Amino acid sequence: MSDSKSITLNGDARSTSAATIADLVRELELTPEKVAVERNGEIVPRSTLEEAALGDGDSLEIVHFVGGGGHQKDSWTVAGRTFTSRLIVGTGKYKDFEQNAAALEASGAEIVTVAVRRVNVSDPKAPMLTDYIDPKKVTYLPNTAGCFTADEAIRTLRLAREAGGWDLVKLEVLGEARTLYPDMRETLAATETLAKEGFLPMVYCVDDPIAAKQLEDAGAVAVMPLGAPIGSGLGIQNQVTIRLIVEGANVPVLVDAGVGTASDAAVGMELGCDGILMNTAIAEAKDPIRMARAMKLAVEGGREAYLAGRMGRRKYADPSSPLAGLI
């Protein structure tokens, strides 16, 4: 490793051990092919960044293109993959694939959950989801909906990986059919096995900060606590535990299950969650396309409110207008 150098980067003093300008760019977690560099008042051709030696006292400006006229798009990352939409939608309960695709478009979601089911051998030419939602344009997240044991879930996801090459998956292992609550013992066992096999499991779980941490330690790349029972539309029933999960997690936290309307999604985001997953709230709305748009706006609004930092709660009134000088 070369000696440390003192440079000026975009107006600020900085120490670096980078040998070349390209090394410095990578040190900044940027890609040399996507930036422009000026050193000591002169442009350094992009094709020479790998060979351009960095000298002590150099003054550099490094720029790249961003959208003009507004703030940079907020994004989140799971297992090294970055997304700009914090809304994940399901693909069940719609009247047809065409409506499903239209709702997805209105929601702006970049990830869809998909169930793994047997091929209809009696009608192999029947329409398939991939005919309407292109897996090359939208990230498919195979899930284990309907699985009640770790073995069932693992087997399902092995087939999903064989079918589409997917390693980013959504794991859910249900305890019983009435509540569709997760069986956490089976869920934890499945998470450990899947992680060892190279899967990247995003895991549906109870709204318990201890269970969430155990899943993270077992290899979950995201934890997805329920807000309320699946398909209930009751909204987030325990904001305290969701907030505790967010505060203790080192992986993304997404509310999964229970959202019924836009305000529920906004609450989840205001608690600091990285995203919201929903299906029934959109698919069973009287106007699914319009509800999909509403959910998109709610997730964005809730995220903005969280970043802005809400006002403190008070016991008593505090007038907006000063009382002094009243007529």
# chains A, B, ... in the order shown; residues from 1 in each chain; ligands from 1
call {"tool": "select_by_dssp", "arguments": {"residues": "range 126-295 of chain A", "states": "helix (DSSP H, G or I)", "output": "PyMOL selection string"}}
result
chain A and resi 129-131+150-164+184-196+209-218+239-248+262-270+280-283+288-295
call {"tool": "select_by_dssp", "arguments": {"residues": "range 170-254 of chain A", "states": "strand (DSSP E)", "output": "list in words"}}
result
Lys170, Leu171, Leu200, Pro201, Met202, Val203, Tyr204, Cys205, Ala222, Val223, Met224, Pro225 and Leu254 of chain A
call {"tool": "closest_residue", "arguments": {"among": "A:Leu87, A:Lys95, A:Ala283, A:Glu247", "to": "Ala266 in chain A", "atoms": "only C-alpha atoms"}}
result
A:Leu87
call {"tool": "residues_around", "arguments": {"residues": "Asp96 in chain A", "least_positions_apart": "4", "cutoff": "12 Å", "atoms": "only C-alpha atoms", "output": "number ranges by chain"}}
result
A: 91-92, 100-103, 127-129, 131-132, 283, 288
